[in-house]
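Quick notes on the structure that follows.
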Amino acid sequence: MRNEFPNPPSKAKKLITWFLNGNLLEEVLGDLEEQFESKIKKNSISKAKLNYWWQVFNYLRPFAIKSILKNSNSMNNYFDIFRHNLLIFLRTIKKHKSTFFINLTGLTLGLSCIIFINLWVSDEFSYNKFLEGSEKIHQAMYHHEESGTLNTLGHTQALLADALKNEVPEIDLAVTDTDPEWFGNNFSISNGDIFYKSKGKFSGKDYFKVFSFNLIEGNKEKALTNLGNIVISEEIAFKLFKSKDVLGKTVKWQLLDIEQSAIISGVFENIPQNSTEQFDFIIPFEGFANIIGEESIHWGNYNALTYVTFKPKTKLSVFNKRISSFAKEHREDLNVNLFFRPFTNKYLFNNYANGIQSGGRIIYLYLFSIIGLFIIIIGCINFMNLATARSSWRMKETGLKKSLGATRKTLIAQHLTESVLTVLLAMICAHIIAVFLMPQFNALTDKQLSLNYSFEYTFKVLGLVIGVGLIAGSYPAWYLSSFKAILALKGLLDKNSNSLIQVLTRKGLVIFQFTISIVLIISVIIIYKQVEFVQNKNLGYDRENLLILPKEGKANENLDLFLTNLTDIPGVNNASASANNFTSNGNYTTGVKWNGKDPDVAIRFTNASVYYGLIETLGIEILEGRSFDKTFSNEVEKLILNETAVKTMGLKNPVGEIVTLWGTKKEIIGVAKDFHFKSLHEKVSPLFFKLDPDFLTHILLRIDSGKEKETLAYLDTFYKEFNPGFILRYQFMDLSYQSLYEAENRVSIIARYFAGFAIFISCMGLFGLAAFTAEKRMKEIGVRKILGASELGIIFLLSADFTKMVLFAILLGIPTSYFLVQNWLENFAYNISLEWWYFILTGFTALIIAWLTIGIQTFHAANRNPTECLRSE
């Protein structure tokens with residue numbers, strides 16, 4: 001080959017000199033590539049001249065190979081290769097700014113979603129895992145059979161912990177506990193005239209042995225051993241004493257009309273947000289037993305929580321089978337089966353359906369993790385499509401490099417390097433966006449998240465960059481490196497590039513993008529409609545302009561006087577009291593007996609302890625009989641049932657019937673229309689109202705519509721006079737009700753953003769494919785225009801394939817989304833119907849968006865000068 005050109009041109013001599021000096025091709029390639037592109041596009045180079053240069057490059061090939069082999073074992077060679085690829089990457093950015101911007105934007109949005117989702121998911125998974133030995137803690141649970149269905153309860157008997165510790169050898173520690181949510185914010189703690197509403201609870205003496213909350217002051221072995229002790233949080237210590245050095249000091253705690261002095265025996269660090277255990281102080285459990293009475297501590301009363309730690313080598317599945325009948329062994333008529341679940345599962349895996357764990361919040365973590373994965377895949381698809389679309393721009397570069405000895409492996413490495421560098425820039429931009437949007441994201445998720453640039457996090461980020469870069473660049477690298485040198489230099493694509501497989505690949509990627517986008521859009525619509533449905537559904541009582549106050553201070557001393565004074569306030573129509581706020585699960589009991597009841601079937605009733613006027617204040621309709629009335633005597637011996645309770649009990653004429661509640665005879669005086677006193681995730685269950693003035697926790701009052709501001713001002717003034725030292729704290733019932741669906745609300749809002757990102761990034765991908773198609777068919781467009789085709793006809797011609805792809809995506813996306821949203825709606829006992837127009841509207845919207853996106857490219861192509869179109873090839 002050398003003999004063919006004994007005197008090569010000066011350009012070839014220059015190439016030889018550079019190669020022999022150990023340099024690579026970037027300087028020469030940049031010059032030659034630009035010259036040849038310009039000449040080929042302008043048809044200013046003859047075929048003979050092109051063939052001549054092709055022979056020159058063949059002549060130079062041995063020198064290129066010799067230079068590469070010479071430096072193959074040197075680390076400098078790797079640096080030179082990287083430097084070369086970096087220069088090519090920078091040159092490509094400079095020449096194709098718009099393409100690079102689209103790529104960068106799509107990947108940046110996708111990686112931003114990944115960053116936020118990772119922060120949220122990591123925080124959710126961290127719940128309860130910060131405790132030392134958290135994997136050893138388990139919560140006692142019960143499966144309760146009712147009418148052929150297994151209901152799962154977290155409440156246990158107060159006697160269970162001691163029985164387990166004394167009788168079961170696998171149990172290391174067992175502690176009886178109460179849930180702070182039972183008491184709400186009805187606790188107050190004070191030091192002299194300083195009062196604070198706080199979350200308190202009662203727990204057994206081994207609480208701090210089971211749960212490793214750090215005691216700043218005190219001894220965890222003894223902190224809860226004496227009835228007169230109290231362990232408070234660091235925050236409460238500073239609020240009451242301006243110091244954490246408070247051991248031995250005395251405080252007062254109050255719950256309803258019960259007020260006790262206690263000696264501080266410990267101070268614990270403020271509890272992290274990622275804990276299901278949230279409280280301000282703990283009182284020994286004996287204090288709770290004294291309040292409810294020793295007669296209430298028995299195997300038929302589920303008024304506590306129980307936590308245990310197991311001894312080593314205890315296998316949970318085997319142990320649960322053996323311990324199942326433990327409660328029945330202590331009381332034969334119990335219809336419950338005991339089992340234990342890991343405490344770390346309490347937050348995420350809290351839903352059970354017919355005795356089987358059926359998700360919970362974990363579903364949303366899986367959901368958003370999958371969404372994040374799909375969004376970044378969509379971004380990668382964009383990169384692939386746009387890289388393919390600009391393939392004709394890089395054919396000359398590929399041809400030059402191959403003719404000078406570059407192997408396909410080298411070209412693949414170059415393109416993968418470019419994709420990784422693009423992803424790296426996108427990751428930097430994504431972190432900048434994350435920093436600026438973090439406050440808004442925290443407000444949206446109600447968390448305090450932040451970016452932690454630890455070694456582990458940095459390692460994960462770099463791994464993600466490399467992984468996404470390799471995925472995004474894989475197809476373009478394989479595709480662009482497959483060109484044959486002579487055809488690439490002539491500006492002709494390899495026939496294989498138009499093969500059926502590659503065409504289907506490009507179209508398949510776009511179909512996948514839009515299928516995911518359609519599924520997300522439909523899901524967002526259904527979630528929004530369901531949340532709207534549950535928030536606006538008629539609950540069977542009027543929750544508008546209904547206020548909930550804690551029953552505290554002098555209200556506990558004289559409830560009648562407090563309620564009378566409340567109704568005297570301008571704008572207050574009704575006022576009463578209850579032990580329930582009717583937006584959360586109340587107290588349950590199976591202690592209702594009646595004539596004809598199957599003794600082998602235990603029926604759960606919700607116990608709604610109320611005061612006079614509560615049913616009227618809520619606006620609940622009485623279908624039969626009457627409500628509680630002060631003009632009648634012995635009303636504490638009467639019950640009012642809801643419709644479901646009557647149906648469950650099989651009573652045909654319930655008013656006047658006598659039933660037994662906890663061994664005491666009660667007369668049914670009325671039947672209330674069913675109303676929703678729990679989340680709409682559950683069906684209305686049996687409930688009874690009973691008059692119980694001694695243990696009421698909430699004040700409910702109804703105020704006039706349109707006068708809320710004035711009424712609240714009057715109420716605040718009255719509260720300061722009637723309850724000095726206490727601050728008025730209230731909540732509107734409708735807001736409290738909406739909090740039941742907080743998770744769904746947040747999911748709905750976050751999903752809207754992600755769906756918007758997905759459709760936007762998908763449109764960018766469609767834009768890229770439209771650019772590729774328009775460029776590939778430019779000569780055809782020119783010929784058609786010369787032959788008289790209209791611009792509108794050309795637009796329809798170019799849009800036809802894209803329309804088919806989007807329609808195919810709609811056909812795939814609609815059944816997929818129907819299956820997914822139908823499964824999600826099954827989490828609600830009451831849900832919307834899946835109307836056909838939800839799906840048709842989404843499909844039509846996706847099609848319109850696609851047409852608008854395609855229209856930008858097709859309109860531009862249709863308006864090109866025919867001469868330019870013909871010359872472009």
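In the structure tokens, chains take letters A, B, ... by order of appearance, with residues numbered from 1 within each chain and ligands from 1 in the order shown.
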
Compile the contact shell of Asp598 of chain A as a short mmCIF file (atom, residue, chain, number, x, y, z; two decimals) with N, CA and C atoms, in the first residue's frame: residues with an atom at most 12 Å away, counting only C-alpha atoms, same-chain residues fewer than 4 positions apart removed.
```
data_model
loop_
_atom_site.label_atom_id
_atom_site.label_comp_id
_atom_site.auth_asym_id
_atom_site.auth_seq_id
_atom_site.Cartn_x
_atom_site.Cartn_y
_atom_site.Cartn_z
N GLU A 146 -64.37 -12.52 62.82
CA GLU A 146 -65.68 -11.89 62.96
C GLU A 146 -66.47 -12.12 61.68
N SER A 147 -67.54 -12.91 61.80
CA SER A 147 -68.41 -13.22 60.66
C SER A 147 -67.62 -13.80 59.49
N ASP A 333 -63.25 -18.07 76.21
CA ASP A 333 -64.22 -17.48 75.28
C ASP A 333 -63.60 -16.46 74.32
N VAL A 592 -70.47 -6.95 74.28
CA VAL A 592 -71.91 -6.77 74.15
C VAL A 592 -72.56 -8.14 73.95
N LYS A 593 -73.55 -8.45 74.81
CA LYS A 593 -74.28 -9.72 74.73
C LYS A 593 -75.78 -9.42 74.57
N TRP A 594 -76.47 -10.27 73.84
CA TRP A 594 -77.91 -10.08 73.66
C TRP A 594 -78.55 -11.44 73.41
N ALA A 602 -67.49 -13.60 68.23
CA ALA A 602 -67.22 -12.33 68.91
C ALA A 602 -67.41 -11.18 67.92
N ILE A 603 -68.25 -10.23 68.27
CA ILE A 603 -68.53 -9.08 67.40
C ILE A 603 -67.91 -7.84 68.03
N THR A 648 -76.34 -6.38 62.43
CA THR A 648 -75.40 -7.41 62.87
C THR A 648 -75.99 -8.25 63.99
N MET A 649 -76.70 -7.59 64.90
CA MET A 649 -77.29 -8.31 66.02
C MET A 649 -78.58 -9.05 65.64
N GLY A 650 -79.13 -8.73 64.47
CA GLY A 650 -80.35 -9.39 64.03
C GLY A 650 -81.59 -8.97 64.80
#
```

Subject >> Secondary structure check, strand (DSSP E) residues of segment 622-685 of chain A, as a list in words >> reply: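 After running DSSP on the backbone, segment 622-685 of chain A has strand (DSSP E) at Ile622, Leu623, Glu624, Gly625, Lys638, Leu639, Ile640, Leu641, Asn642, Ile658, Val659, Thr660, Leu661, Thr664, Lys665, Lys666, Glu667, Ile668, Ile669, Gly670, Val671 and Ala672 of chain A.
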
Write out as a PDB file with C-alpha atoms, in the first residue's frame each polymer residue whose atoms come within 6 Å of segment 367-378 of chain A, counting only C-alpha atoms; drop sequence neighbours fewer than 3 positions from it.
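Here's the written file around00.pdb:
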```pdb
ATOM      1  CA  GLY A 110     -35.106  12.650  35.473  1.00  0.00           C
ATOM      2  CA  ILE A 114     -34.467  10.382  41.392  1.00  0.00           C
ATOM      3  CA  ILE A 363     -47.061   0.630  48.485  1.00  0.00           C
ATOM      4  CA  TYR A 364     -46.352   4.319  47.917  1.00  0.00           C
ATOM      5  CA  ILE A 381     -34.553   6.951  25.777  1.00  0.00           C
ATOM      6  CA  GLN A 513     -42.306   6.478  26.807  1.00  0.00           C
ATOM      7  CA  ALA A 758     -42.776  12.228  32.378  1.00  0.00           C
TER       8      ALA A 758
END
```

Original post:
Excluding same-chain residues fewer than 6 positions from Asn118 of chain A, what lies within 12 Å of it counting only C-alpha atoms, as a list of chain:residue names?
Top reply: A:Leu111, A:Ser112, A:Glu124, A:Phe125, A:Ser126, A:Leu365, A:Tyr366, A:Phe368, A:Ser369, A:Ile370, A:Ile371, A:Gly372, A:Leu373, A:Ala434, A:Leu449, A:Ser450, A:Leu451, A:Asn452, A:Tyr457, A:Lys460, A:Val461, A:Leu464

Subject >> Within 9 Å of segment 550-559 of chain A using only C-alpha atoms, minus same-chain residues under 5 positions, as a list in words >> reply: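 Once the nearby chain positions are removed, what remains is Gly184, Asn185, Asn186, Phe187, Ser188, Gln254, Leu255, Leu256, Asp257, Ile258, Thr564, Ala577, Pro693, Asp694, Leu696, Thr697, His698, Ile699, Leu700, Phe722, Asn723, Pro724, Gly725, Phe726, Leu728, Arg729 and Tyr730 of chain A.
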
**OP:** Write out as number ranges by chain the residues lying within 9 Å of segment 815-817 of chain A, counting only C-alpha atoms and excluding same-chain residues fewer than 4 positions away.
**Re:** A: 515, 518-520, 522-523, 810-811, 821-822, 839

**OP:** Go through segment 205-352 of chain A and collect every residue that DSSP, computed from the backbone, puts in helix (DSSP H, G or I); the answer should be as an MDAnalysis selection string.
**Re:** chainID A and resid 207:210 234:241 286:292 294:296 316:323 326:330 343:345

Please dump the current selection as a short mmCIF file (atom, residue, chain, number, x, y, z; two decimals), in the first residue's frame; keep N, CA, C and O atoms.
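File out11.cif, as written:
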```cif
data_model
loop_
_atom_site.label_atom_id
_atom_site.label_comp_id
_atom_site.auth_asym_id
_atom_site.auth_seq_id
_atom_site.Cartn_x
_atom_site.Cartn_y
_atom_site.Cartn_z
N TYR A 207 -39.69 -0.15 79.72
CA TYR A 207 -39.84 0.52 78.44
C TYR A 207 -38.48 0.93 77.85
O TYR A 207 -38.19 0.69 76.67
N PHE A 208 -37.63 1.54 78.67
CA PHE A 208 -36.35 2.03 78.16
C PHE A 208 -35.31 0.92 77.99
O PHE A 208 -34.23 1.14 77.46
N LYS A 209 -35.65 -0.29 78.47
CA LYS A 209 -34.82 -1.45 78.13
C LYS A 209 -35.16 -1.98 76.75
O LYS A 209 -34.29 -2.41 75.99
N VAL A 210 -36.45 -1.94 76.43
CA VAL A 210 -36.89 -2.41 75.11
C VAL A 210 -36.57 -1.39 74.04
O VAL A 210 -36.03 -1.72 72.98
N GLU A 234 -36.22 16.20 76.62
CA GLU A 234 -35.29 17.31 76.75
C GLU A 234 -36.00 18.63 76.46
O GLU A 234 -35.77 19.64 77.14
N GLU A 235 -36.88 18.63 75.46
CA GLU A 235 -37.59 19.86 75.09
C GLU A 235 -38.49 20.34 76.22
O GLU A 235 -38.52 21.54 76.55
N ILE A 236 -39.24 19.42 76.85
CA ILE A 236 -40.12 19.79 77.96
C ILE A 236 -39.30 20.29 79.15
O ILE A 236 -39.70 21.25 79.83
N ALA A 237 -38.15 19.66 79.37
CA ALA A 237 -37.29 20.10 80.48
C ALA A 237 -36.88 21.55 80.29
O ALA A 237 -36.91 22.35 81.24
N PHE A 238 -36.49 21.91 79.09
CA PHE A 238 -36.07 23.30 78.83
C PHE A 238 -37.26 24.25 78.88
O PHE A 238 -37.12 25.41 79.31
N LYS A 239 -38.43 23.79 78.46
CA LYS A 239 -39.60 24.66 78.51
C LYS A 239 -40.01 24.97 79.95
O LYS A 239 -40.36 26.10 80.27
N LEU A 240 -39.92 23.96 80.81
CA LEU A 240 -40.40 24.14 82.19
C LEU A 240 -39.32 24.71 83.11
O LEU A 240 -39.63 25.49 84.03
N PHE A 241 -38.05 24.32 82.87
CA PHE A 241 -37.01 24.69 83.83
C PHE A 241 -35.81 25.40 83.18
O PHE A 241 -34.85 25.74 83.90
N GLU A 286 -48.86 1.87 85.99
CA GLU A 286 -49.77 1.76 87.14
C GLU A 286 -50.67 2.99 87.25
O GLU A 286 -51.80 2.89 87.75
N GLY A 287 -50.20 4.14 86.76
CA GLY A 287 -51.04 5.33 86.79
C GLY A 287 -52.26 5.17 85.91
O GLY A 287 -53.36 5.62 86.25
N PHE A 288 -52.10 4.52 84.77
CA PHE A 288 -53.24 4.27 83.87
C PHE A 288 -54.19 3.27 84.51
O PHE A 288 -55.42 3.42 84.43
N ALA A 289 -53.64 2.23 85.14
CA ALA A 289 -54.49 1.23 85.79
C ALA A 289 -55.33 1.86 86.89
O ALA A 289 -56.50 1.51 87.09
N ASN A 290 -54.74 2.83 87.61
CA ASN A 290 -55.50 3.51 88.66
C ASN A 290 -56.64 4.35 88.09
O ASN A 290 -57.70 4.49 88.69
N ILE A 291 -56.41 4.93 86.91
CA ILE A 291 -57.43 5.79 86.30
C ILE A 291 -58.62 4.96 85.82
O ILE A 291 -59.78 5.30 86.10
N ILE A 292 -58.35 3.88 85.10
CA ILE A 292 -59.46 3.10 84.54
C ILE A 292 -60.01 2.09 85.55
O ILE A 292 -61.09 1.53 85.35
N GLU A 294 -58.87 -1.12 88.55
CA GLU A 294 -58.34 -2.47 88.47
C GLU A 294 -59.32 -3.44 87.83
O GLU A 294 -58.93 -4.44 87.21
N GLU A 295 -60.63 -3.15 87.97
CA GLU A 295 -61.63 -4.04 87.39
C GLU A 295 -61.59 -4.04 85.85
O GLU A 295 -62.14 -4.92 85.19
N SER A 296 -60.93 -3.03 85.27
CA SER A 296 -60.84 -2.95 83.81
C SER A 296 -59.61 -3.67 83.27
O SER A 296 -59.43 -3.77 82.06
N LEU A 316 -39.20 -16.38 64.11
CA LEU A 316 -40.50 -15.74 64.27
C LEU A 316 -41.64 -16.57 63.70
O LEU A 316 -42.68 -16.73 64.36
N SER A 317 -41.49 -17.10 62.52
CA SER A 317 -42.58 -17.86 61.89
C SER A 317 -42.96 -19.08 62.71
O SER A 317 -44.15 -19.38 62.90
N VAL A 318 -41.97 -19.78 63.21
CA VAL A 318 -42.24 -20.96 64.04
C VAL A 318 -42.86 -20.54 65.37
O VAL A 318 -43.82 -21.16 65.85
N PHE A 319 -42.33 -19.49 65.95
CA PHE A 319 -42.83 -19.02 67.24
C PHE A 319 -44.29 -18.56 67.13
O PHE A 319 -45.11 -18.85 68.01
N ASN A 320 -44.64 -17.87 66.06
CA ASN A 320 -46.01 -17.37 65.89
C ASN A 320 -47.02 -18.52 65.82
O ASN A 320 -48.14 -18.41 66.32
N LYS A 321 -46.64 -19.61 65.18
CA LYS A 321 -47.55 -20.76 65.11
C LYS A 321 -47.77 -21.35 66.50
O LYS A 321 -48.89 -21.76 66.85
N ARG A 322 -46.70 -21.41 67.28
CA ARG A 322 -46.81 -22.03 68.60
C ARG A 322 -47.55 -21.15 69.60
O ARG A 322 -48.25 -21.65 70.48
N ILE A 323 -47.45 -19.81 69.44
CA ILE A 323 -48.00 -18.89 70.44
C ILE A 323 -49.43 -18.48 70.11
O ILE A 323 -50.07 -17.77 70.89
N PHE A 326 -52.28 -18.48 72.75
CA PHE A 326 -51.85 -18.09 74.10
C PHE A 326 -52.98 -17.39 74.87
O PHE A 326 -53.20 -17.70 76.05
N ALA A 327 -53.67 -16.44 74.25
CA ALA A 327 -54.74 -15.71 74.96
C ALA A 327 -55.90 -16.63 75.31
O ALA A 327 -56.50 -16.51 76.39
N LYS A 328 -56.22 -17.57 74.42
CA LYS A 328 -57.32 -18.50 74.68
C LYS A 328 -57.03 -19.40 75.88
O LYS A 328 -57.96 -19.84 76.58
N GLU A 329 -55.75 -19.66 76.10
CA GLU A 329 -55.38 -20.49 77.25
C GLU A 329 -55.67 -19.79 78.57
O GLU A 329 -55.80 -20.44 79.60
N HIS A 330 -55.77 -18.46 78.53
CA HIS A 330 -56.05 -17.70 79.74
C HIS A 330 -57.53 -17.33 79.87
O HIS A 330 -57.99 -17.00 80.96
N PHE A 343 -41.23 -4.63 64.96
CA PHE A 343 -41.56 -3.23 65.25
C PHE A 343 -41.17 -2.32 64.09
O PHE A 343 -41.84 -1.31 63.82
N THR A 344 -40.12 -2.67 63.36
CA THR A 344 -39.69 -1.85 62.23
C THR A 344 -40.71 -1.88 61.09
O THR A 344 -40.64 -1.06 60.17
N ASN A 345 -41.66 -2.83 61.12
CA ASN A 345 -42.71 -2.90 60.10
C ASN A 345 -43.93 -2.04 60.44
O ASN A 345 -44.84 -1.92 59.62
#
```
